[in-house]
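Worksheet for the structure shown next.
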Amino acid sequence: MKTEFSLAQLADPDIAEADKILRACVHCGFCTATCPTYVLLGDELDSPRGRIYLIKEMLEKNRPPTQEVVKHIDRCLSCLACMTTCPSGVHYMHLVDQARVRIEKEYARPLAERLLRAVLAWVLPRPGLFRWSMMLARFGRPLTALLPTPKAAAASPTLLRRIKAMLALAPGSLPAPGPAGGSVFPAHGTRRGRVALLQGCAQQVLAPRINQAAINLLTRHGIEVVLVKDEQCCGALTHHLGRDDDALARARANIAVWLKEAERDGLDAILVTTSGCGTVIKDYGFMLREDRDFAVAAAKISALAKDITEYLGGIELQSAQHHSDIVIAYHSACSLQHGQKITQAPKELLSKNGFVVKDVPESHLCCGSAGTYNILQPEIARSKGRQYCEGQAGHDCCGQYWMHGADCRWYVSSCSAHG
Ligand code: SF4
Ligand code: SF4
């Protein structure tokens, strides 16, 4: 794609990066076929190619973001399927991240939307506050029946619909909190390695058993696990809302505590069980490349970050009990398959342990959940979820998708249609 940035514009490292990305795009449109919003809405401006044009115009002409640009960028799930499909290696993620930062800085959203985004950015990365808000939301859930029902992919979701989506996501009960930061779990037997495990923010409130299972598995295989004290949310949440000052502050704080831990007692890896967080931590090196004080340390931390399946694939595991009668339908998270390009490791681990693993049809397409997307774009998320379910082996959606909070992991694991 031809670009016409001035030399003065190109002196800005972000614009220079955007220029490089834009020039790699050859307009072929292959990416449109795997873009969930284009597949659903059929509008070129809701495709990667369309969004790339919108971002190019905004950056090149140095124009403030218009309502039109914001609408189509907001509709992007950041699923990154377009990056997997693109034959020219267009780094869409870095381009859309930059567009979101500019939108956040320069576009005046309606007051109610600003407030909602501010609440999400404040509450979700703070596990204590998030736990309280989930408990309060339980009392608000009965009110969802009084709120309007979301329709298919309306142009702009209203605040009431977003609140309804948010309340629907609140679980009926919360599990007990997991272990606190600063906890160390010694290896069973001879120590073969030592890792930090990202504690996460929302996950440690909603599903602490995931990290507990990782700790059990790792320590059983001789790996010492530490939950680093003073670690924060990785910043992915605010990064995707375009609030980079917050995201970068969190990244710097985490880099400092992880490096201290690595220098004091050694770390072979920083393991992540939430792939959206893993994608961002692996990108710290890029995000802080212009920061003189943190660039080197950020690159080091990014190199240490590993998805749990990546790490387990590299160590010798004890021979498994075989469960050849258990069939598992596996659908990878977008951030894992497209963001980190990890596609085989989880399936190989399951197969090696005796499970029969089946691919989900169209599994390259996002389920529509996408972090806070199912709150901020509830109609599209819901339509995407239904489309996803209806594409599964000829089964119709059981209609419970929305009840499960538009989270396909809940849905797929609990839906009898998927066996
Ligand atoms: S990240 Fe996903 S939703 Fe956004 S443009 Fe790419 S494929 Fe489409
Ligand atoms: S597939 Fe890649 S090169 Fe082709 S239009 Fe999409 S982003 Fe551009």
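Identifiers in the structure tokens: chain A, B, ... in order shown; residue index from 1 per chain; ligand index from 1 in order shown.
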
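Each residue with an atom within 6 Å of any atom of ligand 2 appears in the list, which was built counting only C-alpha atoms and all ligand atoms: Cys25, Val26, His27, Cys28, Gly29, Phe30, Cys31, Arg49, Cys86, Pro87, Ser88 and Val90 of chain A.
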
Enumerate, in order of chain and increasing residue number, the residues of stretch 56-136 of chain A with an atom no farther than 12 Å from stretch 347-371 of chain A, each with its shortest atom pair and distance in Å to one decimal, counting only C-alpha atoms, as a tab-separated table.
```
residue	atom	partner	partner_atom	distance
A:Arg75	CA	A:Gly368	CA	10.7
A:Cys76	CA	A:Ala370	CA	9.7
A:Leu77	CA	A:Ala370	CA	6.1
A:Ser78	CA	A:Ala370	CA	7.6
A:Cys79	CA	A:Cys366	CA	6.4
A:Leu80	CA	A:Cys366	CA	9.2
A:Ala81	CA	A:His364	CA	6.8
A:Cys82	CA	A:His364	CA	10.0
A:Met83	CA	A:His364	CA	11.4
A:Thr84	CA	A:His364	CA	9.1
A:Thr85	CA	A:His364	CA	9.8
A:Leu120	CA	A:Gly371	CA	10.8
A:Ala121	CA	A:Gly371	CA	11.8
A:Leu124	CA	A:Gly371	CA	10.4
```

Inset, instruction - Identify, with DSSP run on backbone atoms, the residues in stretch 20-251 of chain A assigned to strand (DSSP E), and express the list as a ChimeraX atom specification. - result: /A:184-185,193-197,223-226

Inset, instruction - Identify, on the basis of only C-alpha atoms, every residue whose closest approach to stretch 224-236 of chain A does not exceed 7 Å; exclude the query and any residue fewer than 5 positions from it along the same chain; express the result as a PyMOL selection string. - result: chain A and resi 125+181-187+191+193-201+215+219+247-248+250-251+254+257-258+277+280-281

Deliver the residues from the most recent selection as a file, using N, CA, C and O atoms, as a short mmCIF file (atom, residue, chain, number, x, y, z; two decimals), in the first residue's frame.
```
data_model
loop_
_atom_site.label_atom_id
_atom_site.label_comp_id
_atom_site.auth_asym_id
_atom_site.auth_seq_id
_atom_site.Cartn_x
_atom_site.Cartn_y
_atom_site.Cartn_z
N PRO A 125 -8.89 -4.89 36.40
CA PRO A 125 -7.50 -5.27 36.72
C PRO A 125 -7.22 -5.39 38.22
O PRO A 125 -6.11 -5.71 38.60
N GLY A 181 -0.05 -13.67 46.31
CA GLY A 181 1.26 -13.35 45.75
C GLY A 181 2.33 -13.51 46.82
O GLY A 181 2.10 -13.21 47.99
N GLY A 182 3.46 -14.01 46.42
CA GLY A 182 4.55 -14.27 47.39
C GLY A 182 4.61 -15.74 47.77
O GLY A 182 5.60 -16.18 48.35
N SER A 183 3.56 -16.52 47.40
CA SER A 183 3.57 -17.95 47.73
C SER A 183 4.58 -18.68 46.83
O SER A 183 4.71 -18.37 45.65
N VAL A 184 5.24 -19.65 47.45
CA VAL A 184 6.18 -20.49 46.68
C VAL A 184 5.74 -21.94 46.85
O VAL A 184 5.45 -22.38 47.97
N PHE A 185 5.67 -22.67 45.75
CA PHE A 185 5.24 -24.07 45.79
C PHE A 185 6.45 -24.93 45.40
O PHE A 185 6.83 -24.97 44.23
N PRO A 186 7.05 -25.60 46.40
CA PRO A 186 8.28 -26.35 46.10
C PRO A 186 8.01 -27.54 45.18
O PRO A 186 6.91 -28.10 45.16
N ALA A 187 9.05 -27.89 44.44
CA ALA A 187 8.96 -29.05 43.55
C ALA A 187 8.87 -30.32 44.37
O ALA A 187 9.46 -30.41 45.44
N ARG A 191 14.42 -30.92 42.25
CA ARG A 191 13.96 -29.74 41.51
C ARG A 191 14.59 -29.71 40.12
O ARG A 191 15.81 -29.75 39.98
N GLY A 193 13.41 -27.35 37.75
CA GLY A 193 13.26 -26.01 37.19
C GLY A 193 12.51 -25.12 38.15
O GLY A 193 11.99 -25.57 39.18
N ARG A 194 12.47 -23.83 37.80
CA ARG A 194 11.76 -22.87 38.65
C ARG A 194 11.08 -21.85 37.75
O ARG A 194 11.72 -21.26 36.86
N VAL A 195 9.80 -21.64 37.97
CA VAL A 195 9.05 -20.72 37.11
C VAL A 195 8.18 -19.78 37.95
O VAL A 195 7.81 -20.11 39.08
N ALA A 196 7.87 -18.62 37.35
CA ALA A 196 6.84 -17.75 37.93
C ALA A 196 5.56 -18.06 37.17
O ALA A 196 5.59 -18.36 35.98
N LEU A 197 4.44 -18.01 37.88
CA LEU A 197 3.14 -18.23 37.23
C LEU A 197 2.34 -16.94 37.35
O LEU A 197 2.13 -16.44 38.47
N LEU A 198 1.94 -16.39 36.21
CA LEU A 198 1.15 -15.15 36.23
C LEU A 198 -0.15 -15.38 36.99
O LEU A 198 -0.89 -16.32 36.68
N GLN A 199 -0.41 -14.51 37.96
CA GLN A 199 -1.63 -14.71 38.78
C GLN A 199 -2.88 -14.22 38.07
O GLN A 199 -3.98 -14.66 38.36
N GLY A 200 -2.71 -13.28 37.15
CA GLY A 200 -3.86 -12.79 36.41
C GLY A 200 -4.74 -11.90 37.27
O GLY A 200 -4.51 -11.75 38.47
N CYS A 201 -5.76 -11.31 36.66
CA CYS A 201 -6.66 -10.45 37.45
C CYS A 201 -8.06 -11.07 37.49
O CYS A 201 -8.47 -11.62 38.51
N ILE A 215 -0.26 -25.38 39.02
CA ILE A 215 0.72 -25.54 40.12
C ILE A 215 0.87 -27.02 40.46
O ILE A 215 1.98 -27.54 40.61
N THR A 219 4.51 -28.78 39.94
CA THR A 219 5.28 -29.25 41.10
C THR A 219 5.43 -30.77 41.07
O THR A 219 6.47 -31.30 41.44
N ALA A 247 -1.58 0.75 30.85
CA ALA A 247 -1.02 -0.55 30.46
C ALA A 247 0.50 -0.55 30.59
O ALA A 247 1.09 -1.52 31.10
N LEU A 248 1.15 0.53 30.16
CA LEU A 248 2.62 0.56 30.21
C LEU A 248 3.12 0.68 31.65
O LEU A 248 4.16 0.11 31.98
N ARG A 250 1.69 -0.67 34.20
CA ARG A 250 1.57 -2.03 34.74
C ARG A 250 2.70 -2.92 34.20
O ARG A 250 3.27 -3.74 34.92
N ALA A 251 2.99 -2.76 32.91
CA ALA A 251 4.07 -3.56 32.31
C ALA A 251 5.39 -3.27 33.03
O ALA A 251 6.13 -4.19 33.41
N ASN A 254 5.49 -4.82 36.51
CA ASN A 254 5.67 -6.27 36.46
C ASN A 254 7.10 -6.64 36.06
O ASN A 254 7.70 -7.56 36.63
N VAL A 257 9.33 -6.39 39.12
CA VAL A 257 9.26 -7.44 40.15
C VAL A 257 9.70 -8.80 39.60
O VAL A 257 10.31 -9.60 40.31
N TRP A 258 9.41 -9.06 38.34
CA TRP A 258 9.84 -10.35 37.76
C TRP A 258 11.37 -10.40 37.63
O TRP A 258 11.98 -11.43 37.89
N CYS A 277 -3.34 -12.59 28.04
CA CYS A 277 -2.27 -11.94 28.81
C CYS A 277 -0.91 -12.32 28.23
O CYS A 277 -0.01 -11.49 28.11
N VAL A 280 0.15 -10.27 25.26
CA VAL A 280 0.61 -8.91 25.59
C VAL A 280 1.97 -8.95 26.28
O VAL A 280 2.85 -8.14 25.96
N ILE A 281 2.19 -9.89 27.19
CA ILE A 281 3.50 -9.94 27.86
C ILE A 281 4.60 -10.25 26.84
O ILE A 281 5.69 -9.67 26.89
#
```

Inset, instruction - Using DSSP on the backbone, list every residue of stretch 205-261 of chain A that comes out as helix (DSSP H, G or I), and give them as a ChimeraX atom specification. - result: /A:205-206,208-220,236-240,244-261

Keeping only N, CA, C and O atoms, write the selected residues as a compact mmCIF listing (two decimals), in the first residue's frame.
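And here's selection.txt as it stands now:
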```txt
# COMPACT_ATOMS: atom_id res chain seq x y z
N VAL A 205 -10.15 -14.43 40.15
CA VAL A 205 -11.42 -14.29 40.85
C VAL A 205 -12.42 -15.33 40.33
O VAL A 205 -13.11 -15.99 41.10
N LEU A 206 -12.48 -15.48 39.02
CA LEU A 206 -13.52 -16.33 38.41
C LEU A 206 -13.13 -17.81 38.38
O LEU A 206 -14.00 -18.67 38.52
N PRO A 208 -9.90 -19.63 39.86
CA PRO A 208 -8.56 -19.87 40.42
C PRO A 208 -8.10 -21.32 40.27
O PRO A 208 -6.92 -21.62 40.35
N ARG A 209 -9.05 -22.21 39.98
CA ARG A 209 -8.67 -23.63 39.85
C ARG A 209 -7.76 -23.86 38.64
O ARG A 209 -7.04 -24.85 38.58
N ILE A 210 -7.79 -22.95 37.68
CA ILE A 210 -6.91 -23.13 36.51
C ILE A 210 -5.45 -23.04 36.94
O ILE A 210 -4.64 -23.92 36.63
N ASN A 211 -5.12 -21.98 37.67
CA ASN A 211 -3.74 -21.86 38.13
C ASN A 211 -3.40 -22.92 39.17
O ASN A 211 -2.27 -23.39 39.24
N GLN A 212 -4.39 -23.30 39.98
CA GLN A 212 -4.12 -24.34 40.98
C GLN A 212 -3.75 -25.65 40.27
O GLN A 212 -2.82 -26.34 40.67
N ALA A 213 -4.48 -25.96 39.19
CA ALA A 213 -4.18 -27.17 38.43
C ALA A 213 -2.78 -27.07 37.82
O ALA A 213 -2.02 -28.06 37.80
N ALA A 214 -2.42 -25.88 37.33
CA ALA A 214 -1.07 -25.70 36.75
C ALA A 214 -0.01 -25.92 37.82
O ALA A 214 1.01 -26.58 37.57
N ILE A 215 -0.26 -25.38 39.02
CA ILE A 215 0.72 -25.54 40.12
C ILE A 215 0.87 -27.02 40.46
O ILE A 215 1.98 -27.54 40.61
N ASN A 216 -0.26 -27.73 40.57
CA ASN A 216 -0.20 -29.17 40.92
C ASN A 216 0.60 -29.94 39.88
O ASN A 216 1.45 -30.77 40.20
N LEU A 217 0.32 -29.64 38.62
CA LEU A 217 0.99 -30.37 37.53
C LEU A 217 2.49 -30.07 37.51
O LEU A 217 3.32 -30.98 37.39
N LEU A 218 2.83 -28.79 37.64
CA LEU A 218 4.24 -28.40 37.55
C LEU A 218 5.04 -28.95 38.73
O LEU A 218 6.11 -29.53 38.54
N THR A 219 4.51 -28.78 39.94
CA THR A 219 5.28 -29.25 41.10
C THR A 219 5.43 -30.77 41.07
O THR A 219 6.47 -31.30 41.44
N ARG A 220 4.41 -31.47 40.57
CA ARG A 220 4.50 -32.93 40.46
C ARG A 220 5.61 -33.34 39.51
O ARG A 220 6.16 -34.43 39.61
N ALA A 236 -3.10 -6.03 29.73
CA ALA A 236 -3.79 -6.34 28.47
C ALA A 236 -5.15 -5.65 28.40
O ALA A 236 -5.56 -5.13 27.35
N LEU A 237 -5.83 -5.64 29.52
CA LEU A 237 -7.18 -5.10 29.52
C LEU A 237 -7.22 -3.62 29.14
O LEU A 237 -7.96 -3.21 28.26
N THR A 238 -6.39 -2.83 29.80
CA THR A 238 -6.39 -1.40 29.50
C THR A 238 -5.71 -1.12 28.15
O THR A 238 -6.07 -0.19 27.45
N HIS A 239 -4.76 -1.97 27.79
CA HIS A 239 -4.10 -1.84 26.48
C HIS A 239 -5.15 -1.96 25.36
O HIS A 239 -5.16 -1.19 24.42
N HIS A 240 -6.05 -2.92 25.50
CA HIS A 240 -7.07 -3.11 24.47
C HIS A 240 -8.16 -2.04 24.51
O HIS A 240 -8.93 -1.91 23.57
N ASP A 244 -3.04 3.31 27.11
CA ASP A 244 -1.68 2.80 27.17
C ASP A 244 -0.87 3.32 28.34
O ASP A 244 0.07 2.65 28.76
N ASP A 245 -1.21 4.49 28.88
CA ASP A 245 -0.45 4.97 30.03
C ASP A 245 -0.60 3.97 31.17
O ASP A 245 0.37 3.59 31.83
N ASP A 246 -1.84 3.52 31.37
CA ASP A 246 -2.10 2.54 32.43
C ASP A 246 -1.41 1.21 32.09
O ASP A 246 -0.73 0.62 32.93
N ALA A 247 -1.58 0.75 30.85
CA ALA A 247 -1.02 -0.55 30.46
C ALA A 247 0.50 -0.55 30.59
O ALA A 247 1.09 -1.52 31.10
N LEU A 248 1.15 0.53 30.16
CA LEU A 248 2.62 0.56 30.21
C LEU A 248 3.12 0.68 31.65
O LEU A 248 4.16 0.11 31.98
N ALA A 249 2.36 1.39 32.49
CA ALA A 249 2.76 1.48 33.90
C ALA A 249 2.71 0.08 34.53
O ALA A 249 3.60 -0.31 35.30
N ARG A 250 1.69 -0.67 34.20
CA ARG A 250 1.57 -2.03 34.74
C ARG A 250 2.70 -2.92 34.20
O ARG A 250 3.27 -3.74 34.92
N ALA A 251 2.99 -2.76 32.91
CA ALA A 251 4.07 -3.56 32.31
C ALA A 251 5.39 -3.27 33.03
O ALA A 251 6.13 -4.19 33.41
N ARG A 252 5.69 -1.98 33.25
CA ARG A 252 6.96 -1.62 33.91
C ARG A 252 7.01 -2.19 35.33
O ARG A 252 8.04 -2.73 35.76
N ALA A 253 5.89 -2.09 36.04
CA ALA A 253 5.87 -2.59 37.43
C ALA A 253 6.10 -4.11 37.44
O ALA A 253 6.86 -4.63 38.26
N ASN A 254 5.49 -4.82 36.51
CA ASN A 254 5.67 -6.27 36.46
C ASN A 254 7.10 -6.64 36.06
O ASN A 254 7.70 -7.56 36.63
N ILE A 255 7.62 -5.93 35.09
CA ILE A 255 9.00 -6.21 34.66
C ILE A 255 9.94 -6.07 35.85
O ILE A 255 10.82 -6.92 36.07
N ALA A 256 9.74 -5.01 36.64
CA ALA A 256 10.63 -4.77 37.79
C ALA A 256 10.55 -5.93 38.79
O ALA A 256 11.59 -6.45 39.22
N VAL A 257 9.33 -6.39 39.12
CA VAL A 257 9.26 -7.44 40.15
C VAL A 257 9.70 -8.80 39.60
O VAL A 257 10.31 -9.60 40.31
N TRP A 258 9.41 -9.06 38.34
CA TRP A 258 9.84 -10.35 37.76
C TRP A 258 11.37 -10.40 37.63
O TRP A 258 11.98 -11.43 37.89
N LEU A 259 11.97 -9.28 37.21
CA LEU A 259 13.43 -9.28 37.08
C LEU A 259 14.10 -9.47 38.43
O LEU A 259 15.09 -10.19 38.55
N LYS A 260 13.53 -8.81 39.44
CA LYS A 260 14.09 -8.95 40.79
C LYS A 260 14.05 -10.43 41.21
O LYS A 260 15.01 -10.97 41.73
N GLU A 261 12.91 -11.06 40.95
CA GLU A 261 12.76 -12.48 41.31
C GLU A 261 13.76 -13.34 40.52
O GLU A 261 14.40 -14.24 41.07
```

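Of the listed residues A:Arg292, A:Arg51, A:Arg102, A:Arg138, the one whose atoms come nearest to ligand 1 is A:Arg51, with distances taken using only C-alpha atoms and all ligand atoms.
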
Legend entry - Non-local contacts of A:Thr274 (9 Å; only C-alpha atoms; under 5 positions in same chain excluded) as number ranges by chain: A: 198, 200, 203, 279, 307-308, 335-336

Please write the residues from the selection above to a file, keeping N, CA, C and O atoms, as a tab-separated table (two decimals), in the first residue's frame.
```tsv
chain	number	residue	atom	x	y	z
A	198	LEU	N	1.94	-16.39	36.21
A	198	LEU	CA	1.15	-15.15	36.23
A	198	LEU	C	-0.15	-15.38	36.99
A	198	LEU	O	-0.89	-16.32	36.68
A	200	GLY	N	-2.71	-13.28	37.15
A	200	GLY	CA	-3.86	-12.79	36.41
A	200	GLY	C	-4.74	-11.90	37.27
A	200	GLY	O	-4.51	-11.75	38.47
A	203	GLN	N	-9.11	-13.78	36.05
A	203	GLN	CA	-9.09	-15.24	36.19
A	203	GLN	C	-8.93	-15.68	37.63
A	203	GLN	O	-9.53	-16.66	38.07
A	279	THR	N	-0.11	-13.03	25.20
A	279	THR	CA	0.16	-12.31	23.96
A	279	THR	C	0.72	-10.92	24.27
A	279	THR	O	1.66	-10.46	23.62
A	307	ASP	N	3.45	-19.62	27.21
A	307	ASP	CA	2.16	-20.23	27.52
A	307	ASP	C	2.46	-21.55	28.24
A	307	ASP	O	3.45	-22.23	27.94
A	308	ILE	N	1.58	-21.93	29.15
A	308	ILE	CA	1.80	-23.15	29.94
A	308	ILE	C	1.98	-24.38	29.01
A	308	ILE	O	2.81	-25.23	29.27
A	335	SER	N	-6.25	-15.58	20.95
A	335	SER	CA	-4.95	-15.04	21.34
A	335	SER	C	-3.88	-16.12	21.34
A	335	SER	O	-2.70	-15.82	21.15
A	336	LEU	N	-4.28	-17.37	21.54
A	336	LEU	CA	-3.29	-18.45	21.52
A	336	LEU	C	-2.96	-18.85	20.08
A	336	LEU	O	-1.81	-18.89	19.68
```

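Once A:Thr37 and its same-chain neighbours fewer than 2 positions away are set aside, Thr32, Thr34, Cys35, Val39, Leu40, Leu41, Gly42, Asp43, Asp46, Ser47, Arg75, Cys76, Leu77, Ile380 and Lys384 of chain A remain within 9 Å of it when counting only C-alpha atoms.
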
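Distances here use only C-alpha atoms and all ligand atoms; by that measure, the residue among A:Phe139, A:Phe5, A:Tyr373, A:Tyr107 closest to ligand 1 is A:Tyr373.
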
Inset, instruction - Take atom CA of A:Leu167 and atom CA of A:Met135 and report the distance between them in Å, one decimal. - result: 10.8 Å
